[in-house]
Amino acid sequence: MIVMKPTATPQEVQAVIDRVESVGARTHMIRGDELTVIGAIGDREHVARLALDGTAGVDRVVPILKPYKLASTQIKHGERSVFEIGGRKVGGGNFVMIAGPCTVEGREQTLETARIVRDAGATMFRGGAYKPRTSPYAFQGLGQEGLRLLAEAKAETGLPIVTEVMDARDLEPVLEVADVIQIGSRNMQNYTLLSEIGRSGCPALLKRGLSSTLEELLMAAEYILKEGNESVMLCERGIRTFETAYRFTLDLMAIPVLKQMTHLPLIVDPSHAAGRRDLVMPMSLAAAAAGADGIIVEVHPRPDEAICDAAQQLPADEFAGYLERVQAAAAVAGTTLWREPVTTGALA
Ligand code: PEP
Ligand code: MN
């Protein structure tokens with residue numbers, strides 16, 4: 001990591017980039033509010049031999065000892081990542097509420113849910129068109145038709161769309177609709193898929209694998225970041241433990257610990273962790289109060305009729321009350337939900 005002086009000129013920055021690349025290393029520019037940092041990825045020895053300390057414009061050269069580099073807090077000097085998705089800010093004190101059904105099941109179910117969560121103040125709309133199902137005999141999602149319905153929901157509500165891609169072969173049609181691509185837990189270590197999503201430049205929501213460590217999660221994020229895609233949200237969605245009373249164990253400790261490890265925003269998924277509706281509220285409140293940058297939650301107009309994850313989806317008519325309480329918990333941690341600016345019409 002090459003930290004440039006605040007007074008470094010663009011020519012000096014370019015000269016350092018050229019030298020680093022001349023020894024076969026790749027560079028990543030990170031421009032913070034005050035500092036410009038150049039990440040050099042390649043053979044440490046080759047870069048060290050350039051003796052960049054003392055070069056014009058260079059303040060200091062610092063090795064990053066962690067295996068994850070671009071995801072590390074060190075590379076941003078403790079600054080949090082903040083990025084924009086469809087006009088909504090993510091990270092750095094902005095709390096996002098991503099809500100919607102587990103699966104896009106049909107037109108009415110999708111549009112009805114989108115309208116309700118938008119009116120209640122959700123930041124983005126979620127819904128799966130391609131579903132990772134434990135059983136190959138279970139409903140696998142509507143695919144292209146599901147994407148079309150998501151596009152309709154977006155056109156009607158203005159909510160950015162979060163949807164999963166399971167296979168790189170489906171990436172192109174998904175990119176036409178998605179504002180955020182979800183990478184499911186089961187795909188967290190699908191490295192070719194991660195690299196493809198990195199190259200696409202589309203913001204990503206990377207879910208933690210069922211049995212993955214935080215370091216493995218950050219190494220997976222690194223695959224996306226290294227392609228130049230900086231808009232990565234991490235997602236804690238419960239991990240497998242010996243406990244059988246609920247589906248997974250929501251690892252709330254991951255929130256403060258990841259904040260120490262990485263500058264990337266962290267979203268919590270209480271729905272898939274719990275597998276049960278009654279646990280969604282308490283876990284959401286705890287996650288928001290612990291400093292999560294947002295929540296992704298499943299909401300359905302008639303959960304009992306849901307094709308998948310029926311037991312955990314919140315009834316849509318309870319969503320407004322739910323969001324109000326989560327917002328209060330987020331305020332405790334100093335984060336604020338984005339609200340659409342109220343338009344008061346031509347006479348305002
Ligand atoms: C989902 O969010 O729809 C999902 C399947 O989650 P996960 O990959 O965390 O199981
Ligand atoms: Mn689900």
# chains A, B, ... in the order shown; residues from 1 in each chain; ligands from 1
>>> residues_around(residues="Leu250 in chain A", least_positions_apart="4", cutoff="12 Å", atoms="only C-alpha atoms", output="list of chain:residue names")
A:Arg208, A:Leu210, A:Ser211, A:Cys235, A:Glu236, A:Arg237, A:Gly238, A:Ile239, A:Arg240, A:Thr241, A:Glu243, A:Tyr246, A:Ala254, A:Ile255, A:Val268, A:Asp269, A:Pro270, A:Ser271, A:His272, A:Ala273, A:Ala274, A:Gly275, A:Leu279, A:Val280, A:Pro282, A:Met283, A:Ser284, A:Ala286, A:Ala287
>>> closest_atom_pairs(of="chain A", to="ligand 2", cutoff="12 Å", atoms="only C-alpha atoms and all ligand atoms", output="JSON lines")
{"residue": "A:Ala99", "atom": "CA", "partner": "ligand 2", "partner_atom_place_in_ligand_line": "1 (Mn)", "distance": 11.4}
{"residue": "A:Gly100", "atom": "CA", "partner": "ligand 2", "partner_atom_place_in_ligand_line": "1 (Mn)", "distance": 9.8}
{"residue": "A:Pro101", "atom": "CA", "partner": "ligand 2", "partner_atom_place_in_ligand_line": "1 (Mn)", "distance": 7.5}
{"residue": "A:Cys102", "atom": "CA", "partner": "ligand 2", "partner_atom_place_in_ligand_line": "1 (Mn)", "distance": 4.0}
{"residue": "A:Thr103", "atom": "CA", "partner": "ligand 2", "partner_atom_place_in_ligand_line": "1 (Mn)", "distance": 6.8}
{"residue": "A:Val104", "atom": "CA", "partner": "ligand 2", "partner_atom_place_in_ligand_line": "1 (Mn)", "distance": 10.5}
{"residue": "A:Arg126", "atom": "CA", "partner": "ligand 2", "partner_atom_place_in_ligand_line": "1 (Mn)", "distance": 10.1}
{"residue": "A:Gly127", "atom": "CA", "partner": "ligand 2", "partner_atom_place_in_ligand_line": "1 (Mn)", "distance": 8.7}
{"residue": "A:Gly128", "atom": "CA", "partner": "ligand 2", "partner_atom_place_in_ligand_line": "1 (Mn)", "distance": 8.0}
{"residue": "A:Ala129", "atom": "CA", "partner": "ligand 2", "partner_atom_place_in_ligand_line": "1 (Mn)", "distance": 11.2}
{"residue": "A:Tyr130", "atom": "CA", "partner": "ligand 2", "partner_atom_place_in_ligand_line": "1 (Mn)", "distance": 11.1}
{"residue": "A:Lys131", "atom": "CA", "partner": "ligand 2", "partner_atom_place_in_ligand_line": "1 (Mn)", "distance": 8.3}
{"residue": "A:Pro132", "atom": "CA", "partner": "ligand 2", "partner_atom_place_in_ligand_line": "1 (Mn)", "distance": 9.0}
{"residue": "A:Arg133", "atom": "CA", "partner": "ligand 2", "partner_atom_place_in_ligand_line": "1 (Mn)", "distance": 9.3}
{"residue": "A:Thr134", "atom": "CA", "partner": "ligand 2", "partner_atom_place_in_ligand_line": "1 (Mn)", "distance": 11.5}
{"residue": "A:Gln140", "atom": "CA", "partner": "ligand 2", "partner_atom_place_in_ligand_line": "1 (Mn)", "distance": 11.7}
{"residue": "A:Gly141", "atom": "CA", "partner": "ligand 2", "partner_atom_place_in_ligand_line": "1 (Mn)", "distance": 11.1}
{"residue": "A:Thr163", "atom": "CA", "partner": "ligand 2", "partner_atom_place_in_ligand_line": "1 (Mn)", "distance": 11.4}
{"residue": "A:Glu164", "atom": "CA", "partner": "ligand 2", "partner_atom_place_in_ligand_line": "1 (Mn)", "distance": 10.8}
{"residue": "A:Gly184", "atom": "CA", "partner": "ligand 2", "partner_atom_place_in_ligand_line": "1 (Mn)", "distance": 10.2}
{"residue": "A:Ser185", "atom": "CA", "partner": "ligand 2", "partner_atom_place_in_ligand_line": "1 (Mn)", "distance": 11.3}
{"residue": "A:Arg237", "atom": "CA", "partner": "ligand 2", "partner_atom_place_in_ligand_line": "1 (Mn)", "distance": 10.8}
{"residue": "A:Asp269", "atom": "CA", "partner": "ligand 2", "partner_atom_place_in_ligand_line": "1 (Mn)", "distance": 10.0}
{"residue": "A:Pro270", "atom": "CA", "partner": "ligand 2", "partner_atom_place_in_ligand_line": "1 (Mn)", "distance": 10.7}
{"residue": "A:Ser271", "atom": "CA", "partner": "ligand 2", "partner_atom_place_in_ligand_line": "1 (Mn)", "distance": 7.4}
{"residue": "A:His272", "atom": "CA", "partner": "ligand 2", "partner_atom_place_in_ligand_line": "1 (Mn)", "distance": 6.2}
{"residue": "A:Ala273", "atom": "CA", "partner": "ligand 2", "partner_atom_place_in_ligand_line": "1 (Mn)", "distance": 10.0}
{"residue": "A:Ala274", "atom": "CA", "partner": "ligand 2", "partner_atom_place_in_ligand_line": "1 (Mn)", "distance": 10.9}
{"residue": "A:Gly275", "atom": "CA", "partner": "ligand 2", "partner_atom_place_in_ligand_line": "1 (Mn)", "distance": 8.7}
{"residue": "A:Arg276", "atom": "CA", "partner": "ligand 2", "partner_atom_place_in_ligand_line": "1 (Mn)", "distance": 11.2}
{"residue": "A:Arg277", "atom": "CA", "partner": "ligand 2", "partner_atom_place_in_ligand_line": "1 (Mn)", "distance": 11.9}
{"residue": "A:Ile296", "atom": "CA", "partner": "ligand 2", "partner_atom_place_in_ligand_line": "1 (Mn)", "distance": 10.5}
{"residue": "A:Val297", "atom": "CA", "partner": "ligand 2", "partner_atom_place_in_ligand_line": "1 (Mn)", "distance": 9.0}
{"residue": "A:Glu298", "atom": "CA", "partner": "ligand 2", "partner_atom_place_in_ligand_line": "1 (Mn)", "distance": 6.9}
{"residue": "A:Val299", "atom": "CA", "partner": "ligand 2", "partner_atom_place_in_ligand_line": "1 (Mn)", "distance": 9.7}
{"residue": "A:His300", "atom": "CA", "partner": "ligand 2", "partner_atom_place_in_ligand_line": "1 (Mn)", "distance": 10.8}
{"residue": "A:Pro303", "atom": "CA", "partner": "ligand 2", "partner_atom_place_in_ligand_line": "1 (Mn)", "distance": 11.5}
{"residue": "A:Ala306", "atom": "CA", "partner": "ligand 2", "partner_atom_place_in_ligand_line": "1 (Mn)", "distance": 10.0}
{"residue": "A:Ile307", "atom": "CA", "partner": "ligand 2", "partner_atom_place_in_ligand_line": "1 (Mn)", "distance": 9.8}
{"residue": "A:Cys308", "atom": "CA", "partner": "ligand 2", "partner_atom_place_in_ligand_line": "1 (Mn)", "distance": 6.6}
{"residue": "A:Asp309", "atom": "CA", "partner": "ligand 2", "partner_atom_place_in_ligand_line": "1 (Mn)", "distance": 5.2}
{"residue": "A:Ala310", "atom": "CA", "partner": "ligand 2", "partner_atom_place_in_ligand_line": "1 (Mn)", "distance": 8.5}
{"residue": "A:Ala311", "atom": "CA", "partner": "ligand 2", "partner_atom_place_in_ligand_line": "1 (Mn)", "distance": 9.9}
{"residue": "A:Gln312", "atom": "CA", "partner": "ligand 2", "partner_atom_place_in_ligand_line": "1 (Mn)", "distance": 8.1}
{"residue": "A:Gln313", "atom": "CA", "partner": "ligand 2", "partner_atom_place_in_ligand_line": "1 (Mn)", "distance": 8.0}
{"residue": "A:Leu314", "atom": "CA", "partner": "ligand 2", "partner_atom_place_in_ligand_line": "1 (Mn)", "distance": 11.4}
>>> select_by_dssp(residues="range 109-274 of chain A", states="alpha helix (DSSP H)", output="mmCIF file with C-alpha atoms, in the first residue's frame")
data_model
loop_
_atom_site.group_PDB
_atom_site.id
_atom_site.type_symbol
_atom_site.label_atom_id
_atom_site.label_comp_id
_atom_site.auth_asym_id
_atom_site.auth_seq_id
_atom_site.Cartn_x
_atom_site.Cartn_y
_atom_site.Cartn_z
ATOM 1 C CA GLN A 109 -47.780 -10.942 -5.071
ATOM 2 C CA THR A 110 -44.703 -9.080 -6.293
ATOM 3 C CA LEU A 111 -46.290 -5.715 -7.055
ATOM 4 C CA GLU A 112 -48.432 -5.742 -3.925
ATOM 5 C CA THR A 113 -45.406 -6.376 -1.699
ATOM 6 C CA ALA A 114 -43.312 -3.769 -3.492
ATOM 7 C CA ARG A 115 -45.997 -1.118 -3.019
ATOM 8 C CA ILE A 116 -46.448 -1.906 0.679
ATOM 9 C CA VAL A 117 -42.758 -1.890 1.560
ATOM 10 C CA ARG A 118 -42.145 1.255 -0.501
ATOM 11 C CA ASP A 119 -44.996 3.100 1.219
ATOM 12 C CA ALA A 120 -43.659 2.052 4.619
ATOM 13 C CA GLN A 144 -36.647 -14.681 -16.808
ATOM 14 C CA GLU A 145 -40.332 -14.140 -16.081
ATOM 15 C CA GLY A 146 -39.390 -13.307 -12.487
ATOM 16 C CA LEU A 147 -36.891 -10.733 -13.735
ATOM 17 C CA ARG A 148 -39.598 -9.149 -15.854
ATOM 18 C CA LEU A 149 -41.851 -8.822 -12.807
ATOM 19 C CA LEU A 150 -39.021 -7.276 -10.802
ATOM 20 C CA ALA A 151 -38.514 -4.725 -13.565
ATOM 21 C CA GLU A 152 -42.207 -3.901 -13.361
ATOM 22 C CA ALA A 153 -42.003 -3.493 -9.576
ATOM 23 C CA LYS A 154 -39.067 -1.147 -10.000
ATOM 24 C CA ALA A 155 -40.820 0.908 -12.664
ATOM 25 C CA GLU A 156 -43.856 1.285 -10.458
ATOM 26 C CA THR A 157 -42.245 1.944 -7.070
ATOM 27 C CA LEU A 171 -25.688 -12.732 -15.349
ATOM 28 C CA GLU A 172 -26.566 -10.779 -18.472
ATOM 29 C CA PRO A 173 -30.357 -10.800 -18.086
ATOM 30 C CA VAL A 174 -30.064 -10.286 -14.318
ATOM 31 C CA LEU A 175 -27.864 -7.227 -14.844
ATOM 32 C CA GLU A 176 -30.573 -5.628 -16.944
ATOM 33 C CA VAL A 177 -32.863 -5.521 -13.913
ATOM 34 C CA TYR A 191 -14.785 -17.697 -7.233
ATOM 35 C CA THR A 192 -15.445 -17.546 -10.971
ATOM 36 C CA LEU A 193 -18.910 -16.119 -10.284
ATOM 37 C CA LEU A 194 -17.449 -13.570 -7.850
ATOM 38 C CA SER A 195 -14.901 -12.413 -10.419
ATOM 39 C CA GLU A 196 -17.597 -12.098 -13.103
ATOM 40 C CA ILE A 197 -19.713 -9.970 -10.781
ATOM 41 C CA GLY A 198 -16.622 -7.934 -9.988
ATOM 42 C CA ARG A 199 -16.094 -7.264 -13.689
ATOM 43 C CA SER A 200 -19.756 -6.367 -14.199
ATOM 44 C CA LEU A 214 -15.233 -13.848 8.646
ATOM 45 C CA GLU A 215 -11.834 -14.037 7.019
ATOM 46 C CA GLU A 216 -13.200 -16.342 4.305
ATOM 47 C CA LEU A 217 -16.061 -13.885 3.759
ATOM 48 C CA LEU A 218 -13.576 -11.063 3.283
ATOM 49 C CA MET A 219 -11.447 -13.152 0.933
ATOM 50 C CA ALA A 220 -14.585 -13.758 -1.152
ATOM 51 C CA ALA A 221 -15.279 -10.000 -1.178
ATOM 52 C CA GLU A 222 -11.696 -9.495 -2.295
ATOM 53 C CA TYR A 223 -12.463 -11.422 -5.520
ATOM 54 C CA ILE A 224 -15.094 -8.807 -6.398
ATOM 55 C CA LEU A 225 -13.046 -5.820 -5.263
ATOM 56 C CA ALA A 254 -19.748 -10.361 13.434
ATOM 57 C CA ILE A 255 -21.090 -6.794 13.301
ATOM 58 C CA PRO A 256 -18.560 -5.055 15.572
ATOM 59 C CA VAL A 257 -15.777 -7.450 14.598
ATOM 60 C CA LEU A 258 -16.231 -6.939 10.855
ATOM 61 C CA LYS A 259 -16.237 -3.198 11.476
ATOM 62 C CA GLN A 260 -12.729 -3.595 12.816
ATOM 63 C CA MET A 261 -11.655 -5.784 9.916
ATOM 64 C CA PRO A 270 -32.596 -12.100 10.279
ATOM 65 C CA SER A 271 -35.092 -14.050 8.130
ATOM 66 C CA HIS A 272 -32.834 -16.812 6.861
ATOM 67 C CA ALA A 273 -30.953 -17.024 10.136
ATOM 68 C CA ALA A 274 -34.108 -17.590 12.154
#
>>> residues_around(residues="Ile17 in chain A", least_positions_apart="2", cutoff="12 Å", atoms="only C-alpha atoms", output="PyMOL selection string")
chain A and resi 1-4+10-15+19-29+36-41+47+50+52+55+57-58
>>> write_last_selection(atoms="C-alpha atoms", output="short mmCIF file (atom, residue, chain, number, x, y, z; two decimals), in the first residue's frame")
data_model
loop_
_atom_site.label_atom_id
_atom_site.label_comp_id
_atom_site.auth_asym_id
_atom_site.auth_seq_id
_atom_site.Cartn_x
_atom_site.Cartn_y
_atom_site.Cartn_z
CA MET A 1 0.00 0.00 0.00
CA ILE A 2 1.54 3.27 -1.14
CA VAL A 3 0.22 6.29 0.72
CA MET A 4 0.65 9.47 -1.32
CA PRO A 10 -1.69 13.73 -10.55
CA GLN A 11 1.59 13.32 -12.47
CA GLU A 12 3.35 12.02 -9.37
CA VAL A 13 0.51 9.58 -8.71
CA GLN A 14 0.67 8.37 -12.33
CA ALA A 15 4.44 7.99 -12.15
CA ARG A 19 6.53 2.07 -11.88
CA VAL A 20 4.46 -0.45 -9.92
CA GLU A 21 2.94 -1.81 -13.12
CA SER A 22 6.35 -1.99 -14.78
CA VAL A 23 7.26 -4.87 -12.43
CA GLY A 24 4.11 -6.78 -13.30
CA ALA A 25 2.00 -5.75 -10.28
CA ARG A 26 -1.56 -4.45 -10.56
CA THR A 27 -2.64 -1.17 -9.03
CA HIS A 28 -5.81 -0.04 -7.32
CA MET A 29 -6.42 3.62 -6.67
CA THR A 36 -4.77 8.99 -2.11
CA VAL A 37 -3.63 5.44 -1.61
CA ILE A 38 -2.33 3.13 -4.31
CA GLY A 39 -2.77 -0.55 -3.61
CA ALA A 40 -0.10 -2.62 -5.34
CA ILE A 41 -1.08 -6.24 -5.87
CA VAL A 47 7.42 -3.94 -5.46
CA LEU A 50 11.31 -0.29 -6.47
CA LEU A 52 9.19 3.83 -3.59
CA THR A 55 9.85 8.96 -4.51
CA GLY A 57 4.74 12.52 -3.91
CA VAL A 58 5.04 9.35 -1.82
#
